[in-house]
Amino acid sequence: MLRLEKRAQPSKQWAALAPVLAVLITMVVGGGLFALLGKNPFEVIRTIFWDPLFGEFAFYYRPQLLIKAGPLILIAIGLSLGFRAGIWNIGAEGQYIIGALCGAGVALTFYPLDAWFLFPMMILAGALGGWAWAMIPALLKVRFGTNEILVSLMLVYVAEKLLAAMALGPMRNPEGHGFPGSRNLQQYESAHNAELFTGSGLHWGGITALLAVICAYILLNRHILGFNIRLLGQAPRAARFAGVNPNRLTVFCLGISGALAGLAGMYEISGPSGQVSIDFNVGYGFTAIIVAFLGRLHPVGILLAGLLMALTYIGGEIAQSNMNLPAAAIQMFQGMMLFFLLAVDLMANYRLRLTRAEVS
Amino acid sequence: MKFINLLASAVLALGTASAAVAEDKTKVGFVYVGPVGDGGWTYEHDQGRLAVEEHFGDKVETVYQESVPEGPDAERVITQMALQGADLIFTTSFGYMDPTLNVAGKFPDVKFEHATGYKTSDNMANYSARFYEGRAVQGHISGKMTKSNIIGYIGSIPIPEVIRGINAAYIHAKKVNPDVQFKIVWVFEWFDPAKEADAAKALIDQGADVILQHTDSTAPLAAAEEAGDVIGFGQASDMAEYIDGPRVSSIIDNWAPYYIARTQAVMDGTWESVATWDGIAPGMVEIGEITDKVPADVKAEALALKESIAAGDYHPFTGPLKKQDGSDWLAEGEVADDGTLLGMNFYVEGLDGDIPQ
Amino acid sequence: MDLSSIKPALLLASLMIAATPVIYAAIGELVVERAGVLNLGVEGMMITGAICGFIAAVNTDSPMLGFMAAAVGGALLSLLFALLTQYALANQVASGLALTLFGLGVSSLLGQGYVGIKPPSTPKLDIPVLSDLPGIGTVLSAHDIMIYLGLLLVAAVWAVLKYTRIGLILRAVGENHDAAHALGYKVVRVRVLAIMFGGACAGLGGAYISLVRVPQWTEGMTAGVGWIALALVVFASWRAGRVLLGAWLFGGVTVLQLNLQAAGVAIPVEYLSMSPYLITIVVLVIMSSDKNKAPASLGKIFHASS
């Protein structure tokens, strides 16, 4: 019979090969789904994976990939540090919202002041906001041993309500004809997180995401802190003997991931989104968790996974409007891809062995 | 600027490239905020799209995208439709206003139509419906029908459109029934069946025997049916599945005539950027069948009210009217101007409670 | 303002109905978590149950068959999660989120022909003795059968977890899967069954929304109830009885704020609706110094060789 055996070391080849395999399986199964819906499967698959990158209008979609992938990567990098240490922040969505609210709050307070220091202040406020929101589960965990998964998740709901309250109340645009939602920061030059090069899709959020990838890589591979993080995740007892203070690491990891999520929210609200509105958050914080795992918690992997995720979003949109596919079909397709990606992960960590039935 | 040129040239290139294939086909795009299966707001817009297809047959091609979040995703979706050669794009939710405006700036040759907003540009029109005209008719029926003199009103989000509806319904209920009292509950969602059901129950428990709703699901009607002696109205679409039950009439958003007219205008080259705010007269707001639960005389009055609004003889906001705080708003015979109505953020005299801020 | 218009008995009665979907979903998730598995896909399983139940009920004209189909649908979807996490050893948090995405997609595809249809109505039970009781008669009587079944289910889960061998094994697996394995229990099998039970319950909760509560099919109609169920399990500190308490508290805050609004009381709705989540956090903190902690193996991957 078939038996799973844990590999001593995760297989490097499989780690690289598995995602490709998963995407291929998804294409086959997803193609079947599209065929069932009466569409030409090859055309749909091509539209999703090829058109955004090399199709007729790729000059528009490629920058959009950066806009969509930026926040995912930024948040996922922060989360991956904690995940490696066995610290589970699944409330990045909340930290993202609070970061955005703090950043926008600064901008709206100073409106219509025109000053160079406004945007840096917003960045600071965004990071601090996300950090502070993440400090709640961190301190509760350190002080009382409270489960951080659940506290951070609860705080997402609280943040969402707070967002709605802000959009309806204090931050509402006084010139907005009574509609909920703040002023549009895109029309407030000093606060606008504009594209750095016209048509590139790259704004400060993208730059920060790239910086985060590089820093995380260095931290994990070249720094004692990174070593401690991995040690705590893999062998908590050994870590304690090695003098690692788990409390300090908890505070550090949650703080970093909160700050990065807060930054992502702030860049989004001052850039592509522009407005504090009830529906401002579209789930980047949750999707980033998936991105972190797809990227195997490795900075470079996360970079690629973020881009892949963005590709399926944008390609999926094109497929919807060009081929009149229901949004649900695309959603299912994405879900499937995640399933397969998660499933093939097995091959990297375990090997299949053909064995005889055990005699016990 | 470079980017805009690039986009423009791409559009030109596409235009010439596909001209041979689709010379006489007008491509119309629709961006929806919910799924087409929501049975309410988005559903009715999609019915309008289907009507366009039906009306023009081979001469049009329509594309749509559903469940598009308001914000950067919307901007991308609209741009994408423009890139793919749409000649006319309808964006059907308030939150698409700024994204539509941004995209309209980049594609001067494409026509854009934004629903329920207040901004326009050279190639971006906006359109909305005077739902309050329908609310006036509902108010009249409610005022006549209520026995407990308590009318429950489920509000979604406190924006001018919803507040207008409450005021219009209240004024006309009060006119025929001076003892009438409105109880208003805000659910802060456009669509949340469970919460709408709770809200309707709360109102019914507190004595309301007429439920008006400005939310999109049929849950309040179901709650009314269960309670027994309670009536309600269809919202956004006819909700005819409750016609044997509590639903006595409805306000239907009928976008089809407008969509057809605007598509025709693009075909004829006569399209202009306008701000349209149509009501019962052109058929943008329809009053669904008034059932036999409503006594014949009340039904006749309601229909007469509808006719006089449609004919322009009567405006639902005609003075004398005071604001909730007792200050004067409209003098005897004075009619509210559209500017005030569009930004309405106050209740009229007689309504209880505060508009949430 | 007219507080006298709020009638406590009616308020409690509507509370019973409001709380039912989340009770089903939460009691299922509770069993899953007691077995040491964290399935964040409750929302996806609920909405799948909602449409499966709706389709079956409309086509067979029998609400009861609808509820059965909903349970089967939810369980089938959860089986995907079980395969991923128990056999492919994938991370549970990520798999659960993927399951929600997938479930939302599946349900709206399945439901495309079912918009604007009214399902057969679920009959009400008038319990003779109960309804005659003064005061609580209104609260307890004349509900549909699914409400009573929900309460029974909670009682059954409580009893099974506390008094039976199955419950003991389930808890052992959740507390320390290595030890349970060493004792010869089939950790994976127990967990797969628990996950499927959770899926079936979530499906029932979803179908309660589409068949009784609303009743109608619209895409995305569960509107976040699944996430509340997750919060509720934590609030209940993994105790079946407290799930009821929590569901009434969570539902109660909503029902109460709507009633207060209807009575003309100006209340900050958004801030009030934060309160159940804040209370949950406080409960979590109090609990962490207590013995009723989360199952020790919650969310951890089990493999016999590790």
# chains A, B, ... in the order shown; residues from 1 in each chain; ligands from 1
$ residues_around --residues "Asp325 in chain B" --least-positions-apart "3" --cutoff "10 Å" --atoms "only C-alpha atoms" --output "mmCIF file with C-alpha atoms, in the first residue's frame"
data_model
loop_
_atom_site.group_PDB
_atom_site.id
_atom_site.type_symbol
_atom_site.label_atom_id
_atom_site.label_comp_id
_atom_site.auth_asym_id
_atom_site.auth_seq_id
_atom_site.Cartn_x
_atom_site.Cartn_y
_atom_site.Cartn_z
ATOM 1 C CA LYS B 322 -41.850 72.281 7.549
ATOM 2 C CA ASP B 328 -40.169 76.508 7.411
ATOM 3 C CA PHE B 346 -33.381 66.299 7.043
ATOM 4 C CA TYR B 347 -36.722 64.805 8.019
ATOM 5 C CA VAL B 348 -39.953 66.700 7.507
ATOM 6 C CA GLU B 349 -42.040 67.822 10.450
ATOM 7 C CA GLY B 350 -43.805 65.048 12.291
ATOM 8 C CA LEU B 351 -41.206 62.308 11.872
#
$ residues_around --residues "range 182-190 of chain B" --least-positions-apart "5" --cutoff "8 Å" --atoms "only C-alpha atoms" --output "mmCIF file with C-alpha atoms, in the first residue's frame"
data_model
loop_
_atom_site.group_PDB
_atom_site.id
_atom_site.type_symbol
_atom_site.label_atom_id
_atom_site.label_comp_id
_atom_site.auth_asym_id
_atom_site.auth_seq_id
_atom_site.Cartn_x
_atom_site.Cartn_y
_atom_site.Cartn_z
ATOM 1 C CA ILE B 150 -48.004 52.553 12.946
ATOM 2 C CA ILE B 151 -45.987 52.184 9.768
ATOM 3 C CA GLY B 152 -42.579 50.539 9.899
ATOM 4 C CA TYR B 153 -39.836 51.695 7.568
ATOM 5 C CA ILE B 154 -36.642 49.738 6.989
ATOM 6 C CA GLY B 155 -33.897 52.106 5.863
ATOM 7 C CA SER B 156 -30.624 50.922 4.388
ATOM 8 C CA ILE B 157 -27.933 53.577 4.592
ATOM 9 C CA PRO B 158 -28.807 57.177 5.500
ATOM 10 C CA TYR B 170 -44.584 60.082 5.400
ATOM 11 C CA LYS B 195 -30.877 41.551 9.302
ATOM 12 C CA GLU B 196 -33.776 42.769 7.182
ATOM 13 C CA ALA B 199 -35.714 44.587 11.412
ATOM 14 C CA LEU B 203 -41.175 46.720 13.697
ATOM 15 C CA ALA B 208 -46.473 48.170 12.779
ATOM 16 C CA HIS B 214 -35.603 50.432 1.180
ATOM 17 C CA THR B 215 -33.489 47.301 1.197
ATOM 18 C CA ASP B 216 -33.285 44.768 -1.585
ATOM 19 C CA LEU B 351 -41.206 62.308 11.872
ATOM 20 C CA ASP B 352 -39.567 61.097 15.060
ATOM 21 C CA GLY B 353 -35.962 60.269 15.651
ATOM 22 C CA LEU C 258 -33.214 47.154 15.934
ATOM 23 C CA GLN C 261 -34.283 52.020 16.895
ATOM 24 C CA ALA C 262 -37.907 51.159 16.192
ATOM 25 C CA ALA C 263 -38.815 52.573 19.587
ATOM 26 C CA GLY C 264 -37.131 55.787 18.560
#
$ closest_residue --among "C:Val253, C:Ala229, C:Leu89, C:Leu193" --to "chain A" --atoms "only C-alpha atoms"
C:Leu89
$ interface_residues --of "chain B" --to "chain A" --cutoff "6 Å" --atoms "only C-alpha atoms" --output "short mmCIF file (atom, residue, chain, number, x, y, z; two decimals) with N, CA and C atoms, in the first residue's frame"
data_model
loop_
_atom_site.label_atom_id
_atom_site.label_comp_id
_atom_site.auth_asym_id
_atom_site.auth_seq_id
_atom_site.Cartn_x
_atom_site.Cartn_y
_atom_site.Cartn_z
N PHE B 3 0.82 57.91 -20.87
CA PHE B 3 -0.05 56.75 -20.72
C PHE B 3 -1.38 56.98 -21.43
N VAL B 63 -21.82 43.52 -22.94
CA VAL B 63 -20.96 42.79 -22.01
C VAL B 63 -21.29 43.30 -20.62
N TYR B 64 -21.08 42.46 -19.62
CA TYR B 64 -21.30 42.94 -18.27
C TYR B 64 -20.31 42.28 -17.33
N GLN B 65 -20.15 42.89 -16.18
CA GLN B 65 -19.38 42.25 -15.13
C GLN B 65 -20.09 42.47 -13.82
N GLY B 71 -14.31 51.02 -6.08
CA GLY B 71 -12.93 51.39 -5.78
C GLY B 71 -12.02 51.03 -6.95
N PRO B 72 -10.75 50.71 -6.64
CA PRO B 72 -9.77 50.49 -7.71
C PRO B 72 -10.17 49.35 -8.66
N ILE B 159 -28.61 57.96 3.22
CA ILE B 159 -28.18 58.85 2.15
C ILE B 159 -29.41 59.60 1.65
N GLY B 343 -29.69 66.62 -2.21
CA GLY B 343 -28.84 66.57 -1.02
C GLY B 343 -29.62 66.45 0.26
N GLN B 357 -25.77 59.86 12.09
CA GLN B 357 -24.60 60.52 11.48
C GLN B 357 -23.38 59.65 11.66
#
$ closest_residue --among "A:Asn193, A:Asn147, A:Thr208, A:Gln95" --to "chain C" --atoms "only C-alpha atoms"
A:Asn147
$ interface_residues --of "chain C" --to "chain A" --cutoff "6 Å" --atoms "only C-alpha atoms" --output "list of chain:residue names"
C:Leu84, C:Ala88, C:Ala90, C:Ala94, C:Ala98, C:Leu101, C:Phe102, C:Gly105, C:Ser108, C:Leu109, C:Glu270, C:Met274, C:Tyr277, C:Ile281, C:Val285, C:Ser288
$ atom_distance --atom1 "CA of Val154 in chain C" --atom2 "CA of Ala179 in chain C"
28.1 Å
$ closest_residue --among "B:Phe112, B:Phe56, B:Phe107, B:Phe233" --to "Gln138 in chain B" --atoms "only C-alpha atoms"
B:Phe233
$ select_by_dssp --residues "range 94-303 of chain C" --states "helix (DSSP H, G or I)" --output "ChimeraX atom specification"
/C:94-113,128-132,136-140,145-163,165-175,177-182,187-213,225-235,240-262,269-288
$ atom_distance --atom1 "CA of Gln216 in chain C" --atom2 "CA of Lys118 in chain C"
5.7 Å
$ atom_distance --atom1 "CA of Leu50 in chain B" --atom2 "CA of Ala256 in chain B"
8.3 Å
$ residues_around --residues "range 41-52 of chain A" --least-positions-apart "6" --cutoff "7 Å" --atoms "only C-alpha atoms" --output "list in words"
Met27, Gly31, Gly32, Phe34, Ala35, Ala58, Tyr61, Arg62, Leu311, Thr312, Ile314, Gly315, Gly316, Ile318 and Ala319 of chain A
$ residues_around --residues "Val274 in chain B" --least-positions-apart "6" --cutoff "10 Å" --atoms "only C-alpha atoms" --output "list in words"
Glu113, Thr120, Ser121, Asp122, Asn123, Met124, Ala125, Asn126 and Tyr127 of chain B
$ write_last_selection --atoms "N, CA and C atoms" --output "mmCIF file, in the first residue's frame"
data_model
loop_
_atom_site.group_PDB
_atom_site.id
_atom_site.type_symbol
_atom_site.label_atom_id
_atom_site.label_comp_id
_atom_site.auth_asym_id
_atom_site.auth_seq_id
_atom_site.Cartn_x
_atom_site.Cartn_y
_atom_site.Cartn_z
ATOM 1 N N GLU B 113 -21.983 56.380 -18.598
ATOM 2 C CA GLU B 113 -23.209 56.753 -17.902
ATOM 3 C C GLU B 113 -23.118 56.221 -16.482
ATOM 4 N N THR B 120 -20.655 64.875 -13.626
ATOM 5 C CA THR B 120 -20.707 64.606 -15.065
ATOM 6 C C THR B 120 -19.457 65.192 -15.702
ATOM 7 N N SER B 121 -19.194 64.803 -16.955
ATOM 8 C CA SER B 121 -18.129 65.433 -17.725
ATOM 9 C C SER B 121 -18.569 65.380 -19.185
ATOM 10 N N ASP B 122 -17.656 65.796 -20.102
ATOM 11 C CA ASP B 122 -18.048 65.855 -21.505
ATOM 12 C C ASP B 122 -18.581 64.522 -22.021
ATOM 13 N N ASN B 123 -17.976 63.444 -21.577
ATOM 14 C CA ASN B 123 -18.428 62.153 -22.083
ATOM 15 C C ASN B 123 -18.945 61.246 -20.969
ATOM 16 N N MET B 124 -19.323 61.874 -19.863
ATOM 17 C CA MET B 124 -19.915 61.088 -18.779
ATOM 18 C C MET B 124 -21.220 61.742 -18.347
ATOM 19 N N ALA B 125 -22.284 61.013 -18.526
ATOM 20 C CA ALA B 125 -23.595 61.492 -18.096
ATOM 21 C C ALA B 125 -23.943 60.819 -16.778
ATOM 22 N N ASN B 126 -24.944 61.332 -16.085
ATOM 23 C CA ASN B 126 -25.429 60.534 -14.964
ATOM 24 C C ASN B 126 -26.946 60.426 -15.034
ATOM 25 N N TYR B 127 -27.433 59.379 -14.404
ATOM 26 C CA TYR B 127 -28.867 59.140 -14.464
ATOM 27 C C TYR B 127 -29.320 58.520 -13.156
#
$ residues_around --residues "range 32-38 of chain C" --least-positions-apart "6" --cutoff "6 Å" --atoms "only C-alpha atoms" --output "list in words"
Leu170, Arg171, Val173, Gly174, Arg191, Ala194, Ile195, Gly198, Pro295, Ser297, Leu298 and Gly299 of chain C
$ interface_residues --of "chain C" --to "chain B" --cutoff "10 Å" --atoms "only C-alpha atoms" --output "PyMOL selection string"
chain C and resi 1-11+14-15+17-18+21+108+111-118+209-210+212-225+251+254-270
$ residues_around --residues "Ile55 in chain C" --least-positions-apart "2" --cutoff "12 Å" --atoms "only C-alpha atoms" --output "number ranges by chain"
C: 48-53, 57-63, 65-70, 73, 107-108, 110-115, 117-120, 207, 210-211, 216-217
$ write_last_selection --atoms "C-alpha atoms" --output "PDB file, in the first residue's frame"
ATOM      1  CA  THR C  48     -23.495  25.643   0.000  1.00  0.00           C
ATOM      2  CA  GLY C  49     -25.976  24.123   2.400  1.00  0.00           C
ATOM      3  CA  ALA C  50     -28.316  27.039   1.788  1.00  0.00           C
ATOM      4  CA  ILE C  51     -28.461  26.415  -1.946  1.00  0.00           C
ATOM      5  CA  CYS C  52     -28.462  22.598  -1.779  1.00  0.00           C
ATOM      6  CA  GLY C  53     -31.346  22.721   0.672  1.00  0.00           C
ATOM      7  CA  ALA C  57     -36.890  21.709  -1.180  1.00  0.00           C
ATOM      8  CA  VAL C  58     -38.144  23.466  -4.288  1.00  0.00           C
ATOM      9  CA  ASN C  59     -37.911  20.358  -6.450  1.00  0.00           C
ATOM     10  CA  THR C  60     -39.384  17.893  -3.979  1.00  0.00           C
ATOM     11  CA  ASP C  61     -41.724  20.386  -2.322  1.00  0.00           C
ATOM     12  CA  SER C  62     -40.569  19.079   1.024  1.00  0.00           C
ATOM     13  CA  PRO C  63     -38.646  21.308   3.401  1.00  0.00           C
ATOM     14  CA  LEU C  65     -35.822  16.737   2.322  1.00  0.00           C
ATOM     15  CA  GLY C  66     -34.340  20.159   1.731  1.00  0.00           C
ATOM     16  CA  PHE C  67     -32.705  20.195   5.134  1.00  0.00           C
ATOM     17  CA  MET C  68     -31.337  16.721   4.555  1.00  0.00           C
ATOM     18  CA  ALA C  69     -29.866  17.755   1.230  1.00  0.00           C
ATOM     19  CA  ALA C  70     -28.349  20.776   2.917  1.00  0.00           C
ATOM     20  CA  GLY C  73     -24.136  19.277   0.677  1.00  0.00           C
ATOM     21  CA  SER C 107     -23.279  27.972  -4.493  1.00  0.00           C
ATOM     22  CA  SER C 108     -23.848  30.831  -6.881  1.00  0.00           C
ATOM     23  CA  LEU C 110     -25.719  26.022  -8.555  1.00  0.00           C
ATOM     24  CA  GLY C 111     -28.240  28.694  -7.725  1.00  0.00           C
ATOM     25  CA  GLN C 112     -28.414  30.408 -11.087  1.00  0.00           C
ATOM     26  CA  GLY C 113     -31.859  29.116 -11.978  1.00  0.00           C
ATOM     27  CA  TYR C 114     -33.347  29.618  -8.538  1.00  0.00           C
ATOM     28  CA  VAL C 115     -33.587  33.359  -8.103  1.00  0.00           C
ATOM     29  CA  ILE C 117     -38.615  31.448  -6.328  1.00  0.00           C
ATOM     30  CA  LYS C 118     -40.428  30.914  -3.058  1.00  0.00           C
ATOM     31  CA  PRO C 119     -39.639  27.620  -1.301  1.00  0.00           C
ATOM     32  CA  PRO C 120     -42.299  25.464   0.391  1.00  0.00           C
ATOM     33  CA  ALA C 207     -30.586  26.068   4.789  1.00  0.00           C
ATOM     34  CA  SER C 210     -32.694  30.107   2.753  1.00  0.00           C
ATOM     35  CA  LEU C 211     -35.759  28.027   3.695  1.00  0.00           C
ATOM     36  CA  GLN C 216     -35.553  32.824  -0.812  1.00  0.00           C
ATOM     37  CA  TRP C 217     -32.311  32.195  -2.650  1.00  0.00           C
TER      38      TRP C 217
END
$ residues_around --residues "Phe110 in chain A" --least-positions-apart "5" --cutoff "12 Å" --atoms "only C-alpha atoms" --output "list of chain:residue names"
A:Gly103, A:Ala104, A:Gly105, A:Ala115, A:Phe117, A:Leu118, A:Phe119, A:Met121, A:Met122, A:Leu185, A:Tyr188, A:Ser190, A:Ala191
$ write_last_selection --atoms "N, CA and C atoms" --output "PDB file, in the first residue's frame"
ATOM      1  N   GLY A 103      -3.967  56.630   8.395  1.00  0.00           N
ATOM      2  CA  GLY A 103      -3.350  57.412   7.327  1.00  0.00           C
ATOM      3  C   GLY A 103      -4.323  58.453   6.794  1.00  0.00           C
ATOM      4  N   ALA A 104      -5.522  58.011   6.491  1.00  0.00           N
ATOM      5  CA  ALA A 104      -6.517  58.934   5.942  1.00  0.00           C
ATOM      6  C   ALA A 104      -6.901  59.974   6.980  1.00  0.00           C
ATOM      7  N   GLY A 105      -6.929  59.564   8.246  1.00  0.00           N
ATOM      8  CA  GLY A 105      -7.264  60.491   9.310  1.00  0.00           C
ATOM      9  C   GLY A 105      -6.294  61.658   9.341  1.00  0.00           C
ATOM     10  N   ALA A 115       1.698  70.435   1.937  1.00  0.00           N
ATOM     11  CA  ALA A 115       3.030  70.375   2.537  1.00  0.00           C
ATOM     12  C   ALA A 115       3.705  69.060   2.196  1.00  0.00           C
ATOM     13  N   PHE A 117       5.596  67.304   4.008  1.00  0.00           N
ATOM     14  CA  PHE A 117       5.740  66.329   5.096  1.00  0.00           C
ATOM     15  C   PHE A 117       4.448  65.567   5.381  1.00  0.00           C
ATOM     16  N   LEU A 118       3.387  65.923   4.676  1.00  0.00           N
ATOM     17  CA  LEU A 118       2.111  65.285   4.976  1.00  0.00           C
ATOM     18  C   LEU A 118       2.152  63.785   4.669  1.00  0.00           C
ATOM     19  N   PHE A 119       2.635  63.469   3.464  1.00  0.00           N
ATOM     20  CA  PHE A 119       2.615  62.052   3.068  1.00  0.00           C
ATOM     21  C   PHE A 119       3.489  61.183   3.981  1.00  0.00           C
ATOM     22  N   MET A 121       4.071  61.709   7.023  1.00  0.00           N
ATOM     23  CA  MET A 121       3.329  61.575   8.275  1.00  0.00           C
ATOM     24  C   MET A 121       2.236  60.520   8.159  1.00  0.00           C
ATOM     25  N   MET A 122       1.608  60.493   6.975  1.00  0.00           N
ATOM     26  CA  MET A 122       0.560  59.487   6.771  1.00  0.00           C
ATOM     27  C   MET A 122       1.145  58.077   6.804  1.00  0.00           C
ATOM     28  N   LEU A 185      -8.848  61.217  -1.679  1.00  0.00           N
ATOM     29  CA  LEU A 185      -7.465  61.657  -1.475  1.00  0.00           C
ATOM     30  C   LEU A 185      -6.698  61.757  -2.791  1.00  0.00           C
ATOM     31  N   TYR A 188      -6.304  65.228  -3.633  1.00  0.00           N
ATOM     32  CA  TYR A 188      -5.613  66.047  -2.632  1.00  0.00           C
ATOM     33  C   TYR A 188      -4.132  65.767  -2.809  1.00  0.00           C
ATOM     34  N   SER A 190      -1.137  66.643  -1.871  1.00  0.00           N
ATOM     35  CA  SER A 190      -0.115  66.349  -0.862  1.00  0.00           C
ATOM     36  C   SER A 190      -0.309  64.967  -0.246  1.00  0.00           C
ATOM     37  N   ALA A 191      -1.509  64.473  -0.299  1.00  0.00           N
ATOM     38  CA  ALA A 191      -1.787  63.201   0.357  1.00  0.00           C
ATOM     39  C   ALA A 191      -1.903  62.055  -0.640  1.00  0.00           C
TER      40      ALA A 191
END
$ closest_residue --among "A:Ala16, A:Leu66, A:Ile123, A:Leu254" --to "Met309 in chain A" --atoms "only C-alpha atoms"
A:Leu66
$ select_by_dssp --residues "range 250-332 of chain B" --states "strand (DSSP E)" --output "PyMOL selection string"
chain B and resi 250-253+275-278+285-288+321-322+328-330
$ write_last_selection --atoms "C-alpha atoms" --output "compact mmCIF listing (two decimals), in the first residue's frame"
# COMPACT_ATOMS: atom_id res chain seq x y z
CA SER B 250 -44.30 47.65 -5.49
CA ILE B 251 -41.85 50.16 -6.87
CA ILE B 252 -40.06 48.74 -9.88
CA ASP B 253 -36.88 50.23 -11.27
CA ALA B 275 -27.97 64.60 -15.95
CA THR B 276 -31.16 62.57 -16.13
CA TRP B 277 -33.52 62.24 -13.21
CA ASP B 278 -36.64 60.54 -14.42
CA VAL B 285 -40.22 54.26 -11.96
CA GLU B 286 -43.10 51.83 -12.23
CA ILE B 287 -45.79 51.08 -9.72
CA GLY B 288 -46.36 47.34 -9.65
CA LEU B 321 -44.00 71.82 4.49
CA LYS B 322 -41.85 72.28 7.55
CA ASP B 328 -40.17 76.51 7.41
CA TRP B 329 -39.10 74.69 4.31
CA LEU B 330 -41.64 75.18 1.56
